[in-house]
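Text of structure_0.tsv, listed as TSV, C-alpha atoms:
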```
chain	number	residue	atom	x	y	z
Q	1	MET	CA	11.48	95.00	64.28
Q	2	THR	CA	14.88	96.62	64.80
Q	3	ASP	CA	17.25	97.44	61.96
Q	4	HIS	CA	19.57	94.74	63.19
Q	5	THR	CA	16.92	92.03	62.91
Q	6	ALA	CA	15.78	93.25	59.51
Q	7	ARG	CA	19.35	93.14	58.24
Q	8	LEU	CA	19.75	89.61	59.55
Q	9	TYR	CA	16.57	88.45	57.77
Q	10	ALA	CA	17.67	90.15	54.56
Q	11	PHE	CA	21.07	88.45	54.72
Q	12	ALA	CA	19.50	84.99	55.32
Q	13	ILE	CA	17.05	85.40	52.43
Q	14	SER	CA	19.79	86.61	50.12
Q	15	ILE	CA	21.88	83.53	51.03
Q	16	LEU	CA	18.88	81.28	50.29
Q	17	VAL	CA	18.17	83.00	46.99
Q	18	PHE	CA	21.84	82.70	46.07
Q	19	PHE	CA	21.87	78.93	46.59
Q	20	VAL	CA	18.56	78.39	44.82
Q	21	ALA	CA	19.84	80.40	41.85
Q	22	TRP	CA	23.06	78.41	41.90
Q	23	ALA	CA	21.15	75.14	41.85
Q	24	ALA	CA	18.96	76.36	39.02
Q	25	VAL	CA	21.94	77.46	36.97
Q	26	ALA	CA	23.77	74.21	37.78
Q	27	ALA	CA	20.83	72.17	36.45
Q	28	ARG	CA	21.18	73.93	33.08
Q	29	PRO	CA	17.67	73.23	31.94
Q	30	TRP	CA	18.31	75.08	28.60
Q	31	ALA	CA	21.06	72.59	27.55
Q	32	PRO	CA	20.07	69.42	25.45
Q	33	ALA	CA	20.41	66.04	27.25
Q	34	THR	CA	23.63	64.32	26.25
Q	35	PRO	CA	23.27	60.59	25.67
Q	36	SER	CA	25.03	58.48	28.20
Q	37	LYS	CA	27.80	56.22	26.99
Q	38	PRO	CA	26.51	52.68	26.28
Q	39	ASP	CA	27.32	50.02	28.86
Q	40	PRO	CA	29.56	47.49	27.10
Q	41	GLN	CA	28.14	44.60	29.12
Q	42	VAL	CA	24.60	45.44	28.14
Q	43	ALA	CA	25.68	45.79	24.53
Q	44	ALA	CA	27.28	42.36	24.64
Q	45	LEU	CA	24.12	40.83	26.12
Q	46	VAL	CA	21.96	42.39	23.42
Q	47	ALA	CA	24.24	41.07	20.71
Q	48	LYS	CA	24.23	37.61	22.27
Q	49	GLU	CA	20.46	37.62	22.45
Q	50	LYS	CA	20.22	38.49	18.73
Q	51	ARG	CA	22.64	35.69	17.91
Q	52	VAL	CA	20.79	33.11	19.99
Q	53	ARG	CA	17.44	34.09	18.41
Q	54	ALA	CA	18.91	33.68	14.93
Q	55	GLU	CA	20.39	30.26	15.82
Q	56	THR	CA	17.08	29.13	17.31
Q	57	ILE	CA	15.23	30.04	14.13
Q	58	ALA	CA	17.81	28.19	12.03
Q	59	ALA	CA	17.67	25.12	14.30
Q	60	ARG	CA	13.86	25.05	14.12
Q	61	ARG	CA	14.05	25.15	10.31
Q	62	VAL	CA	16.48	22.20	10.29
Q	63	LEU	CA	14.28	20.22	12.71
Q	64	ALA	CA	11.15	20.90	10.67
Q	65	SER	CA	12.95	19.77	7.52
Q	66	ARG	CA	14.12	16.55	9.23
Q	67	ARG	CA	10.62	15.86	10.56
Q	68	ARG	CA	9.18	16.26	7.05
Q	69	ALA	CA	11.80	13.90	5.64
Q	70	ALA	CA	11.13	11.34	8.38
Q	71	ALA	CA	7.39	11.55	7.78
Q	72	LEU	CA	7.93	10.95	4.06
Q	73	ALA	CA	10.20	8.02	4.74
Q	74	ALA	CA	7.69	6.50	7.14
Q	75	ALA	CA	4.90	6.89	4.58
Q	76	ALA	CA	6.93	5.30	1.81
Q	77	PRO	CA	6.75	1.50	1.50
Q	78	ALA	CA	9.71	-0.12	3.17
Q	79	THR	CA	12.08	-1.70	0.69
Q	80	PRO	CA	14.24	-4.40	2.23
Q	81	PRO	CA	17.96	-3.97	1.62
Q	82	GLN	CA	19.32	-6.18	-1.15
Q	83	PRO	CA	20.99	-9.26	0.29
Q	84	SER	CA	24.67	-9.69	-0.10
Q	85	VAL	CA	25.77	-13.15	-1.18
Q	86	ARG	CA	29.01	-14.54	-2.51
Q	87	ILE	CA	30.91	-17.79	-2.60
Q	88	VAL	CA	33.16	-18.08	0.45
Q	89	THR	CA	35.69	-20.58	1.72
Q	90	LEU	CA	34.34	-20.69	5.27
Q	91	PRO	CA	32.94	-23.90	6.73
Q	92	PRO	CA	29.14	-23.79	6.58
Q	93	LEU	CA	27.16	-23.25	9.76
Q	94	THR	CA	24.04	-24.73	8.15
Q	95	ILE	CA	22.95	-26.16	4.83
Q	96	THR	CA	20.14	-25.56	2.42
Q	97	ARG	CA	18.57	-28.50	0.68
Q	98	THR	CA	15.50	-29.31	-1.30
Q	99	SER	CA	12.45	-28.90	0.89
T	1	MET	CA	26.71	-19.57	18.83
T	2	LEU	CA	23.36	-20.66	20.21
T	3	ARG	CA	21.36	-23.29	18.36
T	4	ARG	CA	17.85	-24.70	18.62
T	5	ALA	CA	16.11	-27.30	16.49
T	6	PHE	CA	12.56	-28.59	16.38
T	7	PRO	CA	10.22	-30.21	13.88
T	8	ALA	CA	7.63	-28.03	12.16
T	9	MET	CA	5.87	-27.74	8.80
T	10	GLY	CA	6.95	-31.22	7.80
T	11	THR	CA	10.64	-30.50	8.19
T	12	GLN	CA	13.35	-29.79	10.74
T	13	VAL	CA	13.67	-26.14	11.74
T	14	GLU	CA	17.02	-24.81	12.93
T	15	LEU	CA	17.51	-21.50	14.73
T	16	LEU	CA	20.98	-19.95	15.10
T	17	LEU	CA	21.69	-16.94	17.30
T	18	ASP	CA	25.12	-15.35	17.42
T	19	SER	CA	24.86	-14.21	21.01
T	20	ASP	CA	25.62	-15.28	24.55
T	21	ALA	CA	23.03	-17.35	26.33
T	22	SER	CA	20.69	-15.12	28.28
T	23	ALA	CA	17.08	-14.73	29.29
T	24	GLU	CA	16.61	-12.59	26.19
T	25	SER	CA	17.92	-15.31	23.88
T	26	GLU	CA	15.68	-17.93	25.50
T	27	VAL	CA	12.65	-15.70	25.06
T	28	ALA	CA	13.58	-15.06	21.43
T	29	PHE	CA	13.97	-18.78	20.69
T	30	ALA	CA	10.65	-19.56	22.36
T	31	ARG	CA	8.86	-16.83	20.40
T	32	ALA	CA	10.31	-18.03	17.10
T	33	GLU	CA	9.29	-21.63	17.79
T	34	ARG	CA	5.78	-20.57	18.83
T	35	GLU	CA	5.48	-18.55	15.62
T	36	PHE	CA	6.16	-21.66	13.54
T	37	GLU	CA	3.56	-23.61	15.51
T	38	ARG	CA	1.02	-20.81	15.16
T	39	LEU	CA	1.49	-20.38	11.44
T	40	GLU	CA	1.46	-24.11	10.75
T	41	ALA	CA	-1.86	-24.36	12.56
T	42	LEU	CA	-3.21	-21.62	10.28
T	43	LEU	CA	-1.66	-22.45	6.93
T	44	SER	CA	-1.20	-26.21	6.61
T	45	ARG	CA	-3.41	-27.97	4.04
T	46	PHE	CA	-2.70	-31.26	5.83
T	47	ARG	CA	-4.47	-30.16	9.02
T	48	PRO	CA	-8.25	-30.40	8.66
T	49	ASP	CA	-8.71	-27.81	11.42
T	50	SER	CA	-6.39	-25.23	9.88
T	51	GLU	CA	-7.80	-21.98	8.57
T	52	LEU	CA	-6.53	-22.82	5.09
T	53	SER	CA	-8.43	-26.12	5.13
T	54	GLU	CA	-11.53	-24.26	6.25
T	55	LEU	CA	-11.11	-21.86	3.32
T	56	ASN	CA	-10.59	-24.73	0.88
T	57	ARG	CA	-13.81	-26.37	2.09
T	58	ALA	CA	-15.95	-23.26	2.23
T	59	ARG	CA	-14.41	-21.37	-0.72
T	60	VAL	CA	-15.21	-18.07	1.04
T	61	LEU	CA	-13.78	-17.05	4.37
T	62	ASP	CA	-13.30	-13.99	6.52
T	63	ALA	CA	-9.70	-14.88	7.21
T	64	SER	CA	-7.05	-13.96	9.73
T	65	ASP	CA	-4.43	-11.35	8.87
T	66	ASP	CA	-1.75	-14.00	8.31
T	67	LEU	CA	-3.83	-16.06	5.90
T	68	VAL	CA	-4.82	-12.93	4.00
T	69	THR	CA	-1.20	-11.78	3.87
T	70	VAL	CA	0.19	-15.09	2.64
T	71	THR	CA	-2.61	-15.49	0.10
T	72	ARG	CA	-2.00	-11.98	-1.17
T	73	LEU	CA	1.75	-12.68	-1.43
T	74	ALA	CA	0.99	-15.82	-3.42
T	75	VAL	CA	-1.43	-14.07	-5.77
T	76	GLU	CA	1.03	-11.22	-6.34
T	77	ALA	CA	3.75	-13.78	-7.05
T	78	ARG	CA	1.47	-15.42	-9.62
T	79	GLU	CA	0.92	-12.08	-11.35
T	80	ARG	CA	4.61	-11.20	-11.20
T	81	THR	CA	5.72	-14.55	-12.66
T	82	GLY	CA	3.08	-14.76	-15.37
T	83	GLY	CA	1.49	-17.77	-13.69
T	84	LEU	CA	4.67	-19.85	-13.23
T	85	PHE	CA	4.09	-19.65	-9.50
T	86	ASP	CA	0.49	-20.54	-8.71
T	87	PRO	CA	-1.11	-21.14	-5.31
T	88	THR	CA	-4.16	-22.87	-6.84
T	89	VAL	CA	-2.18	-26.05	-7.57
T	90	HIS	CA	-3.79	-27.88	-4.63
T	91	ASP	CA	-5.96	-30.27	-6.65
T	92	ALA	CA	-3.19	-30.85	-9.18
T	93	LEU	CA	-0.89	-31.85	-6.30
T	94	VAL	CA	-3.49	-34.23	-4.92
T	95	ALA	CA	-4.07	-35.71	-8.38
T	96	ALA	CA	-0.31	-36.20	-8.72
T	97	GLY	CA	-0.38	-38.20	-5.48
T	98	TYR	CA	0.63	-35.63	-2.86
T	99	ASP	CA	-2.58	-35.90	-0.89
T	100	ARG	CA	-1.05	-36.22	2.60
T	101	THR	CA	2.16	-35.33	4.37
T	102	PHE	CA	5.23	-36.53	2.53
T	103	ASP	CA	6.17	-38.93	5.32
T	104	ASP	CA	2.78	-40.67	4.98
T	105	LEU	CA	2.80	-40.95	1.19
T	106	ALA	CA	2.34	-44.39	-0.32
T	107	PRO	CA	5.33	-45.36	-2.47
T	108	ASP	CA	3.04	-45.92	-5.46
T	109	SER	CA	-0.63	-45.59	-6.28
T	110	ALA	CA	-2.95	-45.47	-9.26
T	111	ALA	CA	-2.55	-42.54	-11.61
T	112	GLU	CA	-5.13	-39.79	-11.81
T	113	ALA	CA	-5.77	-37.25	-14.53
T	114	ALA	CA	-4.01	-33.93	-14.11
T	115	ARG	CA	-6.14	-31.13	-12.71
T	116	PRO	CA	-6.08	-27.57	-14.03
T	117	CYS	CA	-4.50	-24.64	-12.19
T	118	GLY	CA	-4.92	-20.91	-12.56
T	119	GLY	CA	-8.11	-20.57	-10.56
T	120	GLY	CA	-9.39	-17.19	-9.47
T	121	VAL	CA	-8.60	-15.85	-6.00
T	122	GLN	CA	-10.37	-12.68	-4.81
T	123	ILE	CA	-9.17	-10.83	-1.73
T	124	GLU	CA	-11.26	-7.95	-0.42
T	125	GLY	CA	-10.30	-6.63	2.96
T	126	GLY	CA	-10.18	-9.70	5.15
T	127	ARG	CA	-12.34	-11.87	2.90
T	128	ILE	CA	-10.85	-14.48	0.59
T	129	GLU	CA	-12.97	-16.07	-2.13
T	130	LEU	CA	-11.84	-18.94	-4.31
T	131	GLU	CA	-13.18	-19.76	-7.74
T	132	ASP	CA	-15.38	-22.83	-7.71
T	133	GLY	CA	-13.34	-25.99	-8.25
T	134	PHE	CA	-10.03	-24.60	-7.07
T	135	ARG	CA	-8.26	-24.86	-3.74
T	136	LEU	CA	-5.11	-23.31	-2.35
T	137	ASP	CA	-1.80	-24.90	-1.50
T	138	LEU	CA	0.44	-22.42	0.32
T	139	GLY	CA	3.10	-24.95	1.32
T	140	GLY	CA	6.35	-23.38	0.16
T	141	ILE	CA	5.34	-19.76	0.44
T	142	ALA	CA	3.86	-20.35	3.90
T	143	LYS	CA	7.16	-21.88	5.00
T	144	GLY	CA	9.02	-18.87	3.62
T	145	TYR	CA	6.63	-16.55	5.42
T	146	ALA	CA	7.16	-18.43	8.69
T	147	VAL	CA	10.93	-18.21	8.24
T	148	ASP	CA	10.74	-14.43	7.68
T	149	ARG	CA	8.44	-13.98	10.70
T	150	ALA	CA	10.61	-16.13	12.97
T	151	ALA	CA	13.74	-14.30	11.86
T	152	SER	CA	12.15	-10.93	12.63
T	153	LEU	CA	11.43	-12.17	16.16
T	154	LEU	CA	14.82	-13.76	16.66
T	155	ARG	CA	16.88	-10.83	15.38
T	156	ARG	CA	15.84	-8.75	18.39
T	157	ALA	CA	18.28	-10.87	20.39
T	158	GLY	CA	21.19	-10.57	17.96
T	159	PRO	CA	22.47	-11.74	14.57
T	160	CYS	CA	20.38	-14.74	13.65
T	161	LEU	CA	19.59	-17.35	11.04
T	162	VAL	CA	16.43	-19.40	10.61
T	163	ASN	CA	16.53	-22.55	8.47
T	164	ALA	CA	13.29	-24.43	7.81
T	165	GLY	CA	14.14	-27.39	5.62
T	166	GLY	CA	16.32	-25.33	3.32
T	167	ASP	CA	14.36	-22.04	3.41
T	168	ILE	CA	16.81	-19.72	5.12
T	169	ALA	CA	16.79	-16.12	6.36
T	170	GLY	CA	19.93	-14.62	7.90
T	171	HIS	CA	20.46	-11.21	9.51
T	172	GLY	CA	23.10	-9.22	11.28
T	173	ARG	CA	26.30	-10.87	10.02
T	174	LEU	CA	27.69	-13.04	7.26
T	175	TRP	CA	26.24	-16.55	7.48
T	176	PRO	CA	28.07	-19.35	5.64
T	177	VAL	CA	25.46	-21.69	4.15
T	178	GLY	CA	26.32	-25.01	2.52
T	179	VAL	CA	24.76	-25.69	-0.90
T	180	ALA	CA	24.97	-29.13	-2.47
T	181	THR	CA	26.35	-29.05	-6.00
T	182	ALA	CA	26.49	-31.78	-8.61
T	183	ASP	CA	29.77	-33.10	-7.29
T	184	GLY	CA	30.09	-31.83	-3.75
T	185	GLU	CA	29.24	-28.69	-1.87
T	186	LEU	CA	29.98	-25.01	-1.99
T	187	THR	CA	29.48	-22.39	0.71
T	188	LEU	CA	27.55	-19.21	0.13
T	189	GLY	CA	28.16	-16.27	2.46
T	190	LEU	CA	24.70	-14.77	3.03
T	191	GLU	CA	24.30	-11.39	4.65
T	192	ASN	CA	20.90	-9.83	5.44
T	193	GLY	CA	18.83	-11.87	3.07
T	194	ALA	CA	17.35	-15.22	2.34
T	195	LEU	CA	17.72	-18.23	0.13
T	196	ALA	CA	15.58	-21.22	-0.71
T	197	THR	CA	16.12	-24.48	-2.55
T	198	SER	CA	13.48	-26.18	-4.67
T	199	GLY	CA	13.89	-29.37	-6.59
T	200	ARG	CA	12.64	-32.80	-7.51
T	201	ASP	CA	15.37	-34.78	-5.82
T	202	ARG	CA	13.69	-35.20	-2.46
T	203	ARG	CA	9.88	-35.00	-2.43
T	204	ARG	CA	9.27	-37.61	-5.10
T	205	TRP	CA	7.22	-40.78	-5.31
T	206	ARG	CA	5.73	-43.02	-7.93
T	207	ARG	CA	2.26	-42.74	-9.39
T	208	GLY	CA	1.00	-45.35	-11.84
T	209	GLY	CA	4.55	-46.60	-12.15
T	210	ARG	CA	5.89	-43.18	-13.18
T	211	GLU	CA	8.00	-40.86	-11.07
T	212	ALA	CA	6.19	-37.84	-9.73
T	213	HIS	CA	7.29	-34.89	-7.59
T	214	HIS	CA	5.72	-31.90	-5.88
T	215	LEU	CA	6.71	-29.11	-8.27
T	216	ILE	CA	3.62	-28.73	-10.41
T	217	ASP	CA	3.81	-26.96	-13.76
T	218	PRO	CA	0.66	-24.80	-13.65
T	219	ALA	CA	0.44	-24.90	-17.45
T	220	THR	CA	-0.05	-28.69	-17.49
T	221	GLY	CA	-1.30	-29.42	-13.98
T	222	SER	CA	1.31	-32.18	-13.74
T	223	PRO	CA	4.74	-32.45	-12.11
T	224	ALA	CA	7.07	-30.29	-14.17
T	225	GLU	CA	9.38	-31.92	-16.62
T	226	SER	CA	12.70	-30.19	-16.32
T	227	ASP	CA	16.35	-30.95	-16.87
T	228	VAL	CA	17.03	-29.10	-13.62
T	229	LEU	CA	17.37	-31.22	-10.50
T	230	ARG	CA	17.28	-28.40	-7.98
T	231	VAL	CA	17.67	-24.63	-7.70
T	232	THR	CA	18.98	-22.51	-4.84
T	233	ALA	CA	17.87	-18.88	-5.23
T	234	VAL	CA	18.76	-15.76	-3.23
T	235	ALA	CA	16.37	-12.91	-2.47
T	236	PRO	CA	15.72	-10.24	0.18
T	237	THR	CA	13.08	-12.42	1.90
T	238	ALA	CA	12.45	-16.14	2.23
T	239	VAL	CA	9.04	-15.70	0.56
T	240	GLU	CA	10.66	-14.19	-2.53
T	241	ALA	CA	13.43	-16.80	-2.50
T	242	GLU	CA	10.81	-19.58	-2.49
T	243	VAL	CA	9.01	-18.06	-5.46
T	244	LEU	CA	12.27	-17.53	-7.35
T	245	ALA	CA	13.54	-21.05	-6.70
T	246	LYS	CA	10.30	-22.55	-8.02
T	247	THR	CA	10.03	-20.35	-11.07
T	248	ILE	CA	13.68	-20.82	-12.03
T	249	PHE	CA	13.12	-24.57	-11.73
T	250	LEU	CA	10.17	-24.20	-14.11
T	251	GLY	CA	12.32	-22.37	-16.64
T	252	ALA	CA	12.28	-18.68	-15.70
T	253	PRO	CA	15.62	-16.92	-16.27
T	254	ALA	CA	17.70	-16.40	-13.12
T	255	GLN	CA	17.99	-12.63	-12.72
T	256	SER	CA	19.25	-12.82	-9.15
T	257	PRO	CA	22.00	-15.02	-7.69
T	258	ALA	CA	21.18	-18.71	-7.99
T	259	VAL	CA	22.84	-22.13	-8.09
T	260	LEU	CA	21.32	-24.68	-10.46
T	261	VAL	CA	22.13	-28.38	-10.45
T	262	THR	CA	21.08	-30.18	-13.60
T	263	ALA	CA	19.98	-33.77	-14.01
T	264	ASP	CA	23.04	-34.53	-16.13
T	265	GLY	CA	25.39	-33.59	-13.30
T	266	ARG	CA	26.31	-29.95	-13.99
T	267	THR	CA	26.40	-27.04	-11.53
T	268	VAL	CA	25.50	-23.66	-12.98
T	269	MET	CA	26.08	-20.32	-11.23
T	270	ALA	CA	23.54	-17.77	-12.37
T	271	GLY	CA	22.42	-14.22	-11.73
T	272	GLY	CA	25.92	-12.85	-11.27
T	273	LEU	CA	26.96	-15.28	-8.54
T	274	ARG	CA	30.72	-15.70	-8.35
```
Transcribe the structure of this file into structure tokens.
Amino acid sequence: MTDHTARLYAFAISILVFFVAWAAVAARPWAPATPSKPDPQVAALVAKEKRVRAETIAARRVLASRRRAAALAAAAPATPPQPSVRIVTLPPLTITRTS
Amino acid sequence: MLRRAFPAMGTQVELLLDSDASAESEVAFARAEREFERLEALLSRFRPDSELSELNRARVLDASDDLVTVTRLAVEARERTGGLFDPTVHDALVAAGYDRTFDDLAPDSAAEAARPCGGGVQIEGGRIELEDGFRLDLGGIAKGYAVDRAASLLRRAGPCLVNAGGDIAGHGRLWPVGVATADGELTLGLENGALATSGRDRRRWRRGGREAHHLIDPATGSPAESDVLRVTAVAPTAVEAEVLAKTIFLGAPAQSPAVLVTADGRTVMAGGLR
């Protein structure tokens, strides 16, 4: 190998080493990872999900309470509403008489 | 206003429906009329083939739901009224002369001794057992029951009123009902309830030369002696109104709205009626 060729090889290798070293230094593996800034859209979705879960739990509680009340009412003996009666001045549509 | 009338249970039945004529109203009228026919076939003591007549003959019967229900209502009414209302007045009624439908009654006949009331009635499940020597008359309470049943069928088609010879149930609106007083008539506005009139001014006849009527005093087994001519009582159901009208006639205090007409020509409003 001539001196000229050897010098060319040495130059190419030194260029390669330079760029590899640059990349290694640029990666800064010794530095701690900095947290990325939160995405506001994702944050809003998370908050909405929490809110919807809470509302669902509250709605289920209300429904369960209403179902219990309805079951109690159905089990209780039905009491007919008290009739309303008063003397009126309207013409009668029918009459009651001794049967 | 739609109106239908037909004879049933020894009286004229009137159905009123505050609705436009439609297929639904026709179906409702037909159902209500069939219900009267069905219940009369079960509960009439004047029909020898009725279930009630079968019970009265056999004294023990595995009865239909309706007969059990009406009998139970009658027994509960007896307990509630201390015996003033009593379904075991059948033989007392017959002894007083009411041994056939009112239209077929003889104007006079020989007197018979009064028969006791207050017989035992046992209901267990669907079985009814009568104490020996006693039979049931469910006339008034059966009519009230039929009125309530017919009204429950008719009200599906709209505000309605059922009137079976003075036993009335009205639902869904204010129904003006005429009530005869001592010197004329007043109108009661009835809303979601019932009223019934009992008295001795219509179903009366003579027995051994003395006037008799169909309202038996269970304590004596004879037609009640009362200075009241008739009572119109108001209650949530026609069954209760029937019981109230009878017991007020027999002297119970009126604790719900009622109109009393006395034999000496007075009209008394009772139970807070104004």
What are the closest atom pairs, with distances in Å to one decimal, for all residues of stretch 176-207 of chain T lying within 8 Å of stretch 89-98 of chain Q? Consider all atoms listed in the file, order rows by chain and residue number, and present the result as a tab-separated table.
```
residue	atom	partner	partner_atom	distance
T:Pro176	CA	Q:Pro92	CA	4.7
T:Val177	CA	Q:Pro92	CA	4.9
T:Gly178	CA	Q:Ile95	CA	4.2
T:Val179	CA	Q:Thr96	CA	5.7
T:Ala180	CA	Q:Arg97	CA	7.2
T:Thr187	CA	Q:Pro92	CA	6.0
T:Ala196	CA	Q:Thr96	CA	7.0
T:Thr197	CA	Q:Thr98	CA	5.0
T:Ser198	CA	Q:Thr98	CA	5.0
T:Gly199	CA	Q:Thr98	CA	5.5
T:Arg200	CA	Q:Thr98	CA	7.7
T:Asp201	CA	Q:Thr98	CA	7.1
T:Arg202	CA	Q:Thr98	CA	6.3
```
Could the residues in this selection be written to a file with C-alpha atoms, as a short mmCIF file (atom, residue, chain, number, x, y, z; two decimals), in the coordinates of the input?
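Wrote it out as result.cif, contents follow:
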```
data_model
loop_
_atom_site.label_atom_id
_atom_site.label_comp_id
_atom_site.auth_asym_id
_atom_site.auth_seq_id
_atom_site.Cartn_x
_atom_site.Cartn_y
_atom_site.Cartn_z
CA PRO T 176 28.07 -19.35 5.64
CA VAL T 177 25.46 -21.69 4.15
CA GLY T 178 26.32 -25.01 2.52
CA VAL T 179 24.76 -25.69 -0.90
CA ALA T 180 24.97 -29.13 -2.47
CA THR T 187 29.48 -22.39 0.71
CA ALA T 196 15.58 -21.22 -0.71
CA THR T 197 16.12 -24.48 -2.55
CA SER T 198 13.48 -26.18 -4.67
CA GLY T 199 13.89 -29.37 -6.59
CA ARG T 200 12.64 -32.80 -7.51
CA ASP T 201 15.37 -34.78 -5.82
CA ARG T 202 13.69 -35.20 -2.46
#
```
Would you tabulate, counting all atoms listed in the file, all residues of chain T that have an atom at most 9 Å from an atom of chain Q, showing the closest pair of atoms and their distance in Å to one decimal, sorted by chain then ascending number, as a Markdown table?
```
| residue | atom | partner | partner_atom | distance |
| --- | --- | --- | --- | --- |
| T:Thr11 | CA | Q:Ser99 | CA | 7.7 |
| T:Glu14 | CA | Q:Thr94 | CA | 8.5 |
| T:Leu16 | CA | Q:Leu93 | CA | 8.8 |
| T:Gly140 | CA | Q:Ser99 | CA | 8.3 |
| T:Asn163 | CA | Q:Thr96 | CA | 7.7 |
| T:Ala164 | CA | Q:Ser99 | CA | 8.3 |
| T:Gly165 | CA | Q:Ser99 | CA | 5.2 |
| T:Gly166 | CA | Q:Thr96 | CA | 3.9 |
| T:Asp167 | CA | Q:Thr96 | CA | 6.8 |
| T:Ile168 | CA | Q:Thr96 | CA | 7.2 |
| T:Leu174 | CA | Q:Ser84 | CA | 8.6 |
| T:Trp175 | CA | Q:Leu93 | CA | 7.1 |
| T:Pro176 | CA | Q:Pro92 | CA | 4.7 |
| T:Val177 | CA | Q:Pro92 | CA | 4.9 |
| T:Gly178 | CA | Q:Ile95 | CA | 4.2 |
| T:Val179 | CA | Q:Thr96 | CA | 5.7 |
| T:Ala180 | CA | Q:Arg97 | CA | 7.2 |
| T:Leu186 | CA | Q:Ile87 | CA | 7.3 |
| T:Thr187 | CA | Q:Val88 | CA | 5.7 |
| T:Leu188 | CA | Q:Ile87 | CA | 4.6 |
| T:Gly189 | CA | Q:Arg86 | CA | 5.3 |
| T:Leu190 | CA | Q:Val85 | CA | 4.6 |
| T:Glu191 | CA | Q:Ser84 | CA | 5.1 |
| T:Asn192 | CA | Q:Pro83 | CA | 5.2 |
| T:Gly193 | CA | Q:Pro83 | CA | 4.4 |
| T:Ala194 | CA | Q:Pro83 | CA | 7.3 |
| T:Leu195 | CA | Q:Thr96 | CA | 8.1 |
| T:Ala196 | CA | Q:Thr96 | CA | 7.0 |
| T:Thr197 | CA | Q:Thr98 | CA | 5.0 |
| T:Ser198 | CA | Q:Thr98 | CA | 5.0 |
| T:Gly199 | CA | Q:Thr98 | CA | 5.5 |
| T:Arg200 | CA | Q:Thr98 | CA | 7.7 |
| T:Asp201 | CA | Q:Thr98 | CA | 7.1 |
| T:Arg202 | CA | Q:Thr98 | CA | 6.3 |
| T:Arg203 | CA | Q:Ser99 | CA | 7.4 |
| T:Arg230 | CA | Q:Thr98 | CA | 7.0 |
| T:Val231 | CA | Q:Thr98 | CA | 8.2 |
| T:Thr232 | CA | Q:Thr96 | CA | 8.0 |
| T:Val234 | CA | Q:Pro83 | CA | 7.7 |
| T:Ala235 | CA | Q:Pro83 | CA | 6.5 |
| T:Pro236 | CA | Q:Pro83 | CA | 5.4 |
| T:Thr237 | CA | Q:Pro80 | CA | 8.1 |
| T:Pro257 | CA | Q:Val85 | CA | 7.8 |
| T:Leu273 | CA | Q:Arg86 | CA | 6.4 |
| T:Arg274 | CA | Q:Ile87 | CA | 6.1 |
```
If we count all atoms listed in the file and set the cut-off at 9 Å, which residues sit around T:Val27, ignoring sequence neighbours fewer than 5 positions away in its own chain? Please answer as a tab-separated table (two decimals) with C-alpha atoms, in the frame of the given file.
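As written to disk, around29.tsv reads:
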```tsv
chain	number	residue	atom	x	y	z
T	22	SER	CA	20.69	-15.12	28.28
T	32	ALA	CA	10.31	-18.03	17.10
T	154	LEU	CA	14.82	-13.76	16.66
T	157	ALA	CA	18.28	-10.87	20.39
```
One-decimal distance in Å that lies between atom CA of T:Gly271 and atom CA of T:Val259: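 Spanning atom CA of T:Val259 to atom CA of T:Gly271 is a straight-line distance of 8.7 Å.
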d(atom CA of T:Ala270, atom CA of T:Thr247) in Å: 13.8 Å
Atomic separation - atom CA of T:Ala241 relative to atom CA of T:Ala258, Å: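 We find that atom CA of T:Ala258 and atom CA of T:Ala241 lie 9.7 Å from each other.
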Tell me, as a PDB file with C-alpha atoms, in the coordinates of the input, which residues lie within 9 Å of T:Asp91, counting all atoms listed in the file; anything in the same chain fewer than 3 positions away does not count.
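And here is the file that came out, result_33.pdb:
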```pdb
ATOM      1  CA  THR T  88      -4.160 -22.870  -6.840  1.00  0.00           C
ATOM      2  CA  VAL T  94      -3.490 -34.230  -4.920  1.00  0.00           C
ATOM      3  CA  ALA T  95      -4.070 -35.710  -8.380  1.00  0.00           C
ATOM      4  CA  ALA T  96      -0.310 -36.200  -8.720  1.00  0.00           C
ATOM      5  CA  ASP T  99      -2.580 -35.900  -0.890  1.00  0.00           C
ATOM      6  CA  ALA T 114      -4.010 -33.930 -14.110  1.00  0.00           C
ATOM      7  CA  ARG T 115      -6.140 -31.130 -12.710  1.00  0.00           C
ATOM      8  CA  PRO T 116      -6.080 -27.570 -14.030  1.00  0.00           C
ATOM      9  CA  CYS T 117      -4.500 -24.640 -12.190  1.00  0.00           C
ATOM     10  CA  GLY T 133     -13.340 -25.990  -8.250  1.00  0.00           C
ATOM     11  CA  PHE T 134     -10.030 -24.600  -7.070  1.00  0.00           C
ATOM     12  CA  ARG T 135      -8.260 -24.860  -3.740  1.00  0.00           C
ATOM     13  CA  LEU T 136      -5.110 -23.310  -2.350  1.00  0.00           C
ATOM     14  CA  ASP T 137      -1.800 -24.900  -1.500  1.00  0.00           C
ATOM     15  CA  GLY T 221      -1.300 -29.420 -13.980  1.00  0.00           C
TER      16      GLY T 221
END
```
Spatial neighbours of T:Gly251, 12 Å, only C-alpha atoms, chain gap at least 6 places, as a list in words: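 Returned residues: Thr81, Leu84, Phe85, Asp217, Ala224, Glu225, Ser226, Asp227, Val228, Leu229, Arg230, Val231, Leu244, Ala245 and Leu260 of chain T.
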Sel. within 12 Å of pt (1.0, -24.0, -4.5), counting only C-alpha atoms, output as a VMD selection string: chain T and resid 43 to 45 70 to 71 73 to 75 77 to 78 83 to 94 98 117 to 119 134 to 143 214 to 218 221 223 242 to 243 246 to 247
